[in-house]
file data20.cif (mmCIF, C-alpha atoms and all ligand atoms)
data_model
loop_
_atom_site.group_PDB
_atom_site.id
_atom_site.type_symbol
_atom_site.label_atom_id
_atom_site.label_comp_id
_atom_site.auth_asym_id
_atom_site.auth_seq_id
_atom_site.Cartn_x
_atom_site.Cartn_y
_atom_site.Cartn_z
ATOM 1 C CA MET W 1 90.669 106.011 72.470
ATOM 2 C CA ILE W 2 90.718 105.131 76.150
ATOM 3 C CA ILE W 3 88.237 102.499 77.152
ATOM 4 C CA ARG W 4 87.167 102.426 80.748
ATOM 5 C CA TYR W 5 85.795 99.302 82.301
ATOM 6 C CA LEU W 6 82.469 99.778 83.940
ATOM 7 C CA SER W 7 82.704 98.445 87.427
ATOM 8 C CA ASN W 8 78.991 98.137 88.100
ATOM 9 C CA THR W 9 77.729 96.716 84.857
ATOM 10 C CA GLU W 10 79.284 94.710 82.084
ATOM 11 C CA ASN W 11 77.650 96.150 79.039
ATOM 12 C CA CYS W 12 79.299 97.891 76.102
ATOM 13 C CA GLN W 13 82.700 99.188 77.116
ATOM 14 C CA ILE W 14 82.197 102.271 74.939
ATOM 15 C CA CYS W 15 78.635 103.464 75.525
ATOM 16 C CA GLY W 16 77.394 101.223 78.331
ATOM 17 C CA GLY W 17 74.625 99.927 76.060
ATOM 18 C CA LYS W 18 73.235 96.414 76.093
ATOM 19 C CA LEU W 19 75.187 93.707 74.275
ATOM 20 C CA GLU W 20 73.653 91.809 71.398
ATOM 21 C CA TYR W 21 74.579 88.168 70.620
ATOM 22 C CA PHE W 22 74.272 87.093 66.971
ATOM 23 C CA ASN W 23 73.457 83.543 65.877
ATOM 24 C CA SER W 24 75.726 83.955 62.866
ATOM 25 C CA GLY W 25 79.054 85.737 62.965
ATOM 26 C CA ARG W 26 79.263 89.134 61.250
ATOM 27 C CA LYS W 27 82.225 91.078 60.010
ATOM 28 C CA LEU W 28 82.771 93.682 62.687
ATOM 29 C CA THR W 29 85.420 96.350 63.187
ATOM 30 C CA CYS W 30 87.004 96.767 66.602
ATOM 31 C CA VAL W 31 86.366 100.351 67.699
ATOM 32 C CA GLN W 32 89.650 100.420 69.546
ATOM 33 C CA CYS W 33 92.266 98.966 67.188
ATOM 34 C CA GLY W 34 90.381 98.942 63.879
ATOM 35 C CA LYS W 35 90.827 95.208 63.319
ATOM 36 C CA LYS W 36 88.095 93.640 61.174
ATOM 37 C CA GLU W 37 87.021 90.116 62.031
ATOM 38 C CA ILE W 38 84.024 87.818 62.145
ATOM 39 C CA ALA W 39 82.453 88.042 65.581
ATOM 40 C CA ASN W 40 79.156 87.377 67.350
ATOM 41 C CA ILE W 41 78.840 90.117 69.957
ATOM 42 C CA SER W 42 78.410 93.875 69.676
ATOM 43 C CA CYS W 43 76.318 96.450 71.503
ATOM 44 C CA LEU W 44 72.977 97.700 70.217
ATOM 45 C CA ASN W 45 74.794 100.812 68.949
ATOM 46 C CA GLY W 46 77.140 98.641 66.905
ATOM 47 C CA HIS W 47 80.275 98.978 69.022
ATOM 48 C CA TYR W 48 82.548 95.973 68.811
ATOM 49 C CA VAL W 49 85.676 95.458 70.926
ATOM 50 C CA CYS W 50 87.966 92.593 69.932
ATOM 51 C CA ASP W 51 89.210 90.121 72.545
ATOM 52 C CA GLU W 52 92.698 91.548 72.450
ATOM 53 C CA CYS W 53 91.440 95.039 73.282
ATOM 54 C CA HIS W 54 88.843 93.745 75.791
ATOM 55 C CA GLY W 55 91.583 92.572 78.113
ATOM 56 C CA LYS W 56 94.236 95.114 77.238
ATOM 57 C CA GLY W 57 96.685 95.613 80.085
ATOM 58 C CA LEU W 58 94.828 93.195 82.340
ATOM 59 C CA PHE W 59 96.861 90.157 81.321
ATOM 60 C CA ASP W 60 99.969 91.776 82.772
ATOM 61 C CA THR W 61 98.057 92.871 85.869
ATOM 62 C CA VAL W 62 96.962 89.287 86.532
ATOM 63 C CA LYS W 63 100.417 87.913 85.723
ATOM 64 C CA GLU W 64 102.251 90.304 88.027
ATOM 65 C CA TYR W 65 99.855 89.638 90.877
ATOM 66 C CA VAL W 66 100.057 85.847 90.692
ATOM 67 C CA LEU W 67 103.836 85.778 90.289
ATOM 68 C CA ALA W 68 104.178 87.797 93.507
ATOM 69 C CA SER W 69 101.505 85.894 95.452
ATOM 70 C CA LYS W 70 102.520 83.654 98.361
ATOM 71 C CA SER W 71 99.128 81.991 98.699
ATOM 72 C CA LYS W 72 98.639 78.234 98.454
ATOM 73 C CA ASN W 73 94.909 78.718 98.135
ATOM 74 C CA PRO W 74 93.753 79.218 94.533
ATOM 75 C CA PHE W 75 90.352 80.466 95.729
ATOM 76 C CA GLU W 76 91.973 83.235 97.752
ATOM 77 C CA ILE W 77 93.928 84.361 94.669
ATOM 78 C CA THR W 78 90.945 84.240 92.307
ATOM 79 C CA GLU W 79 88.539 85.975 94.686
ATOM 80 C CA TYR W 80 91.008 88.813 95.193
ATOM 81 C CA LEU W 81 91.605 89.281 91.467
ATOM 82 C CA MET W 82 87.968 88.879 90.407
ATOM 83 C CA SER W 83 86.921 91.583 92.847
ATOM 84 C CA GLN W 84 89.232 94.199 91.328
ATOM 85 C CA ASP W 85 87.326 97.043 89.668
ATOM 86 C CA ASN W 86 89.121 96.688 86.338
ATOM 87 C CA ILE W 87 88.393 92.952 85.965
ATOM 88 C CA PRO W 88 85.165 92.673 83.963
ATOM 89 C CA MET W 89 82.231 90.720 85.367
ATOM 90 C CA LEU W 90 82.178 88.580 82.219
ATOM 91 C CA GLY W 91 85.036 87.887 79.846
ATOM 92 C CA CYS W 92 88.028 85.644 79.469
ATOM 93 C CA GLU W 93 90.139 87.740 81.802
ATOM 94 C CA ASN W 94 88.488 85.439 84.350
ATOM 95 C CA ALA W 95 90.012 82.405 82.574
ATOM 96 C CA TRP W 96 93.507 83.908 82.776
ATOM 97 C CA ILE W 97 92.895 84.352 86.498
ATOM 98 C CA ALA W 98 91.906 80.683 86.849
ATOM 99 C CA SER W 99 95.058 79.303 85.225
ATOM 100 C CA GLY W 100 97.337 81.840 86.916
ATOM 101 C CA ALA W 101 95.820 81.106 90.326
ATOM 102 C CA LEU W 102 95.950 77.320 90.036
ATOM 103 C CA MET W 103 99.564 77.311 88.842
ATOM 104 C CA THR W 104 100.583 79.788 91.531
ATOM 105 C CA ALA W 105 98.898 77.776 94.301
ATOM 106 C CA LEU W 106 100.740 74.672 93.071
ATOM 107 C CA ARG W 107 104.068 76.545 92.996
ATOM 108 C CA ASN W 108 103.521 77.873 96.520
ATOM 109 C CA GLU W 109 102.334 74.528 97.895
ATOM 110 C CA GLY W 110 105.675 73.103 96.839
ATOM 111 C CA THR W 111 105.104 69.346 96.392
ATOM 112 C CA ILE W 112 105.783 69.644 92.685
ATOM 113 C CA LYS W 113 108.176 72.134 91.183
ATOM 114 C CA VAL W 114 106.407 74.879 89.254
ATOM 115 C CA THR W 115 108.435 77.757 87.882
ATOM 116 C CA ASN W 116 107.326 81.294 87.108
ATOM 117 C CA ARG W 117 108.005 80.553 83.472
ATOM 118 C CA GLN W 118 105.509 77.661 83.623
ATOM 119 C CA ILE W 119 102.884 79.891 85.223
ATOM 120 C CA ILE W 120 103.251 82.367 82.352
ATOM 121 C CA GLU W 121 103.211 79.513 79.819
ATOM 122 C CA ALA W 122 99.887 78.213 81.186
ATOM 123 C CA MET W 123 98.413 81.709 81.058
ATOM 124 C CA ASN W 124 99.640 82.262 77.486
ATOM 125 C CA ARG W 125 98.094 78.972 76.363
ATOM 126 C CA THR W 126 94.826 79.908 78.066
ATOM 127 C CA LYS W 127 94.806 83.178 76.149
ATOM 128 C CA ARG W 128 94.933 81.251 72.855
ATOM 129 C CA GLN W 129 91.736 79.313 73.551
ATOM 130 C CA ALA W 130 89.768 81.567 75.870
ATOM 131 C CA ILE W 131 87.621 83.606 73.486
ATOM 132 C CA GLY W 132 84.842 85.852 74.729
ATOM 133 C CA GLY W 133 81.361 84.397 74.254
ATOM 134 C CA TYR W 134 82.546 80.974 73.121
ATOM 135 C CA CYS W 135 81.154 79.253 76.217
ATOM 136 C CA GLY W 136 77.865 79.442 74.354
ATOM 137 C CA LEU W 137 79.144 79.524 70.773
ATOM 138 C CA THR W 138 81.092 76.226 70.797
ATOM 139 C CA GLY W 139 80.534 74.824 74.286
ATOM 140 C CA VAL W 140 84.094 75.545 75.341
ATOM 141 C CA CYS W 141 84.236 78.083 78.140
ATOM 142 C CA GLY W 142 87.772 79.490 78.326
ATOM 143 C CA ILE W 143 88.029 78.356 81.925
ATOM 144 C CA SER W 144 88.168 74.710 80.735
ATOM 145 C CA PRO W 145 91.353 75.178 78.673
ATOM 146 C CA ALA W 146 92.609 77.369 81.531
ATOM 147 C CA ILE W 147 92.617 74.361 83.853
ATOM 148 C CA GLY W 148 93.751 72.096 80.998
ATOM 149 C CA SER W 149 96.747 74.331 80.331
ATOM 150 C CA CYS W 150 97.937 73.913 83.938
ATOM 151 C CA PHE W 151 97.877 70.121 83.687
ATOM 152 C CA SER W 152 99.416 70.186 80.224
ATOM 153 C CA VAL W 153 102.325 72.381 81.305
ATOM 154 C CA ILE W 154 102.993 70.335 84.439
ATOM 155 C CA LEU W 155 102.647 66.952 82.717
ATOM 156 C CA GLY W 156 104.441 68.050 79.546
ATOM 157 C CA ALA W 157 101.540 67.101 77.301
ATOM 158 C CA SER W 158 101.636 67.617 73.533
ATOM 159 C CA CYS W 159 100.347 65.912 70.367
ATOM 160 C CA PRO W 160 103.020 63.168 70.187
ATOM 161 C CA LYS W 161 102.635 62.254 73.869
ATOM 162 C CA ASN W 162 100.278 59.625 75.199
ATOM 163 C CA GLN W 163 99.213 59.579 78.864
ATOM 164 C CA GLU W 164 100.178 63.206 79.465
ATOM 165 C CA THR W 165 97.792 64.356 76.760
ATOM 166 C CA ALA W 166 95.090 61.832 77.706
ATOM 167 C CA THR W 167 95.095 63.072 81.294
ATOM 168 C CA THR W 168 94.953 66.703 80.197
ATOM 169 C CA MET W 169 91.976 65.977 77.933
ATOM 170 C CA LYS W 170 90.181 64.038 80.679
ATOM 171 C CA VAL W 171 90.707 66.953 83.038
ATOM 172 C CA VAL W 172 89.226 69.397 80.522
ATOM 173 C CA GLY W 173 86.259 67.063 79.954
ATOM 174 C CA LYS W 174 85.559 67.006 83.691
ATOM 175 C CA ILE W 175 85.757 70.780 83.902
ATOM 176 C CA VAL W 176 83.384 71.277 80.953
ATOM 177 C CA ASN W 177 80.970 68.852 82.613
ATOM 178 C CA ALA W 178 81.090 70.616 85.959
ATOM 179 C CA ILE W 179 80.567 74.033 84.365
ATOM 180 C CA ALA W 180 77.687 72.745 82.217
ATOM 181 C CA ASP W 181 75.623 72.209 85.368
ATOM 182 C CA GLN W 182 75.970 75.899 86.228
ATOM 183 C CA THR W 183 74.661 77.595 83.086
ATOM 184 C CA GLY W 184 71.538 79.683 82.467
ATOM 185 C CA PRO W 185 72.930 82.307 82.058
ATOM 186 C CA CYS W 186 76.667 81.705 81.983
ATOM 187 C CA CYS W 187 78.576 83.395 84.781
ATOM 188 C CA CYS W 188 82.361 83.616 84.659
ATOM 189 C CA LYS W 189 82.569 84.108 88.430
ATOM 190 C CA ASN W 190 80.600 80.931 89.139
ATOM 191 C CA PHE W 191 82.509 79.047 86.424
ATOM 192 C CA VAL W 192 85.900 79.957 87.924
ATOM 193 C CA ARG W 193 84.807 78.738 91.370
ATOM 194 C CA THR W 194 83.148 75.587 90.016
ATOM 195 C CA ALA W 195 86.142 74.781 87.788
ATOM 196 C CA LEU W 196 88.611 75.279 90.639
ATOM 197 C CA SER W 197 86.559 73.108 93.006
ATOM 198 C CA GLU W 198 86.718 70.318 90.418
ATOM 199 C CA ALA W 199 90.389 71.084 89.654
ATOM 200 C CA ILE W 200 91.335 70.608 93.327
ATOM 201 C CA LEU W 201 90.011 67.029 93.134
ATOM 202 C CA LEU W 202 91.826 66.400 89.835
ATOM 203 C CA VAL W 203 95.092 67.845 91.142
ATOM 204 C CA ASN W 204 94.812 65.406 93.999
ATOM 205 C CA LYS W 205 94.011 62.459 91.740
ATOM 206 C CA TYR W 206 96.581 63.056 88.994
ATOM 207 C CA LEU W 207 99.339 65.087 90.668
ATOM 208 C CA ASN W 208 99.051 63.834 94.257
ATOM 209 C CA VAL W 209 98.875 67.344 95.607
ATOM 210 C CA SER W 210 96.392 68.525 98.250
ATOM 211 C CA LEU W 211 95.448 72.125 97.698
ATOM 212 C CA PRO W 212 93.269 73.885 100.260
ATOM 213 C CA SER W 213 89.533 74.254 99.674
ATOM 214 C CA PRO W 214 87.984 77.681 100.127
ATOM 215 C CA SER W 215 88.332 78.839 103.714
ATOM 216 C CA GLY W 216 84.629 78.936 104.543
ATOM 217 C CA ALA W 217 81.820 79.276 102.036
ATOM 218 C CA ILE W 218 82.374 81.652 99.146
ATOM 219 C CA ILE W 219 79.673 84.288 99.060
ATOM 220 C CA CYS W 220 79.455 86.103 95.749
ATOM 221 C CA THR W 221 79.480 89.884 95.810
ATOM 222 C CA HIS W 222 79.043 90.275 92.041
ATOM 223 C CA SER W 223 75.384 89.287 91.687
ATOM 224 C CA ALA W 224 74.084 92.780 90.918
ATOM 225 C CA ARG W 225 76.725 93.261 88.186
ATOM 226 C CA HIS W 226 75.557 90.371 86.014
ATOM 227 C CA PRO W 227 74.323 91.851 82.715
ATOM 228 C CA HIS W 228 72.158 88.821 81.875
ATOM 229 C CA GLY W 229 70.785 88.465 85.382
ATOM 230 C CA CYS W 230 72.293 86.446 88.229
ATOM 231 C CA ARG W 231 70.968 82.894 88.656
ATOM 232 C CA GLU W 232 70.509 83.804 92.310
ATOM 233 C CA SER W 233 69.072 80.868 94.282
ATOM 234 C CA LYS W 234 70.217 78.415 91.570
ATOM 235 C CA CYS W 235 73.842 79.460 92.165
ATOM 236 C CA SER W 236 75.603 77.949 95.147
ATOM 237 C CA TYR W 237 77.610 81.143 95.710
ATOM 238 C CA PHE W 238 74.579 83.428 95.923
ATOM 239 C CA LYS W 239 73.554 84.910 99.211
ATOM 240 C CA ALA W 240 69.966 86.212 99.201
ATOM 241 C CA SER W 241 70.774 89.252 101.306
ATOM 242 C CA GLU W 242 73.423 90.447 98.860
ATOM 243 C CA THR W 243 71.048 92.075 96.372
ATOM 244 C CA SER W 244 68.727 93.675 98.915
HETATM 245 ZN ZN ZN A 1 78.221 100.686 72.606
HETATM 246 ZN ZN ZN A 2 90.827 95.611 68.980
#

call {"tool": "encode", "arguments": {"input": "data20.cif", "output": "structure tokens", "more": "lines below"}}
Ligand SMILES: [Zn+2]
Ligand SMILES: [Zn+2]
result
Amino acid sequence: MIIRYLSNTENCQICGGKLEYFNSGRKLTCVQCGKKEIANISCLNGHYVCDECHGKGLFDTVKEYVLASKSKNPFEITEYLMSQDNIPMLGCENAWIASGALMTALRNEGTIKVTNRQIIEAMNRTKRQAIGGYCGLTGVCGISPAIGSCFSVILGASCPKNQETATTMKVVGKIVNAIADQTGPCCCKNFVRTALSEAILLVNKYLNVSLPSPSGAIICTHSARHPHGCRESKCSYFKASETS
């Protein structure tokens, strides 16, 4: 079955119907690959698409783009990728973009050595902990481990290490905190921008690297796509004229 991403809405990928969020996980079968697993989101018609299938093909798209990018500005990279038609409005594809963009900007800036292999490593780690819907289900939006993975890879953090791991955890804590002020409803586009704004400060503090801020104010062009309703005036990236 070929699943097409809906560029204007982010509802069910199969029928376009509204998504339903369950308080308790249910055993659902992915309509694309047939995998059965406990999950909390399906559409009102019962269609469930597992995380693996949700982002199928897009991981490589994001990876190829960032590896080829020459930009030192992570916002430029993320805004370009997030505005592609096949990148869903909501979903952890946005987290892959965040880690890929931050690592790539650091590689291109050049103060610290970042290899392509490290960029892919950070993205792979992000994929392990960025799970659709878990921003609300456990409090860990995949964009937090996305930024954490960048610091971890660069610092060489792991369980037996001390300061490297402590710094990575502190970074993730800061990102979770920053994102928490932007909920109601969650918005992956806002979260990527908010997380990167915080990450720029943390990169400066812990890695002594100055990455560029966004060139001018970011004005969101995705407001009308938000399936749960854009926060509009509560979101710092919303421009009133955009929806009219
Ligand atoms: Zn459906
Ligand atoms: Zn599947």

call {"tool": "atom_distance", "arguments": {"input": "data20.cif", "atom1": "CA of Cys159 (chain W)", "atom2": "CA of Leu137 (chain W)"}}
result
25.2 Å

call {"tool": "residues_near_ligand", "arguments": {"input": "data20.cif", "ligand": "ligand ZN 2 (chain A)", "cutoff": "6 Å", "atoms": "all atoms listed in the file", "output": "number ranges by chain"}}
result
W: 30, 32-33, 35, 49-50, 52-53

call {"tool": "residues_near_ligand", "arguments": {"input": "data20.cif", "ligand": "ligand ZN 1 (chain A)", "cutoff": "9 Å", "atoms": "all atoms listed in the file", "output": "PDB file with C-alpha atoms, in the coordinates of the input"}}
result
ATOM      1  CA  ASN W  11      77.650  96.150  79.039  1.00  0.00           C
ATOM      2  CA  CYS W  12      79.299  97.891  76.102  1.00  0.00           C
ATOM      3  CA  GLN W  13      82.700  99.188  77.116  1.00  0.00           C
ATOM      4  CA  ILE W  14      82.197 102.271  74.939  1.00  0.00           C
ATOM      5  CA  CYS W  15      78.635 103.464  75.525  1.00  0.00           C
ATOM      6  CA  GLY W  16      77.394 101.223  78.331  1.00  0.00           C
ATOM      7  CA  GLY W  17      74.625  99.927  76.060  1.00  0.00           C
ATOM      8  CA  LYS W  18      73.235  96.414  76.093  1.00  0.00           C
ATOM      9  CA  LEU W  19      75.187  93.707  74.275  1.00  0.00           C
ATOM     10  CA  SER W  42      78.410  93.875  69.676  1.00  0.00           C
ATOM     11  CA  CYS W  43      76.318  96.450  71.503  1.00  0.00           C
ATOM     12  CA  LEU W  44      72.977  97.700  70.217  1.00  0.00           C
ATOM     13  CA  ASN W  45      74.794 100.812  68.949  1.00  0.00           C
ATOM     14  CA  GLY W  46      77.140  98.641  66.905  1.00  0.00           C
ATOM     15  CA  HIS W  47      80.275  98.978  69.022  1.00  0.00           C
ATOM     16  CA  TYR W  48      82.548  95.973  68.811  1.00  0.00           C
TER      17      TYR W  48
END

call {"tool": "resolve_selection", "arguments": {"input": "data20.cif", "expression": "the PyMOL selection byres (((chain W and resi 65-82) around 6) and not hetatm)", "output": "list in words"}}
result
Val62, Lys63, Glu64, Ser83, Gln84, Ala101, Leu102, Ala105, Asn108, Glu109, Pro212 and Pro214 of chain W

call {"tool": "closest_residue", "arguments": {"input": "data20.cif", "among": "W:Asn190, W:Ser213, W:Asn204, W:Ser24", "to": "Tyr237 (chain W)", "atoms": "all atoms listed in the file"}}
result
W:Asn190

call {"tool": "atom_distance", "arguments": {"input": "data20.cif", "atom1": "CA of Phe191 (chain W)", "atom2": "CA of Thr221 (chain W)"}}
result
14.7 Å

call {"tool": "closest_residue", "arguments": {"input": "data20.cif", "among": "W:Val31, W:Cys186, W:Ala217, W:Leu155", "to": "Phe238 (chain W)", "atoms": "all atoms listed in the file"}}
result
W:Ala217

call {"tool": "resolve_selection", "arguments": {"input": "data20.cif", "expression": "the PyMOL selection byres (((chain W and resi 151) around 10) and not hetatm)", "output": "number ranges by chain"}}
result
W: 99, 102-103, 122, 145-150, 152-157, 164-165, 167-169, 171-172, 199, 202-203, 206-207

call {"tool": "closest_residue", "arguments": {"input": "data20.cif", "among": "W:Gly136, W:Gly55, W:Pro88, W:Gly34", "to": "Phe22 (chain W)", "atoms": "only C-alpha atoms"}}
result
W:Gly136

call {"tool": "residues_around", "arguments": {"input": "data20.cif", "residues": "Gly184 (chain W)", "least_positions_apart": "5", "cutoff": "10 Å", "atoms": "all atoms listed in the file", "output": "PyMOL selection string"}}
result
chain W and resi 228-231+234-235

call {"tool": "atom_distance", "arguments": {"input": "data20.cif", "atom1": "CA of Pro185 (chain W)", "atom2": "CA of His226 (chain W)"}}
result
9.4 Å

call {"tool": "closest_residue", "arguments": {"input": "data20.cif", "among": "W:Gly139, W:Ser215, W:Cys188, W:Gly25", "to": "Ile38 (chain W)", "atoms": "only C-alpha atoms"}}
result
W:Gly25

call {"tool": "axis_aligned_box", "arguments": {"input": "data20.cif", "around": "region 172-187 of chain W", "padding_each_side": "3 Å", "output": "JSON"}}
result
{"center_x": 80.4, "center_y": 75.2, "center_z": 83.1, "size_x": 23.7, "size_y": 22.4, "size_z": 12.3}

call {"tool": "residues_around", "arguments": {"input": "data20.cif", "residues": "Tyr134 (chain W)", "least_positions_apart": "5", "cutoff": "10 Å", "atoms": "only C-alpha atoms", "output": "list in words"}}
result
Asn40, Gly91, Cys92, Gln129, Gly139, Val140, Cys141 and Gly142 of chain W

call {"tool": "closest_residue", "arguments": {"input": "data20.cif", "among": "W:Lys27, W:Lys161, W:Lys127, W:His54", "to": "Ala95 (chain W)", "atoms": "only C-alpha atoms"}}
result
W:Lys127
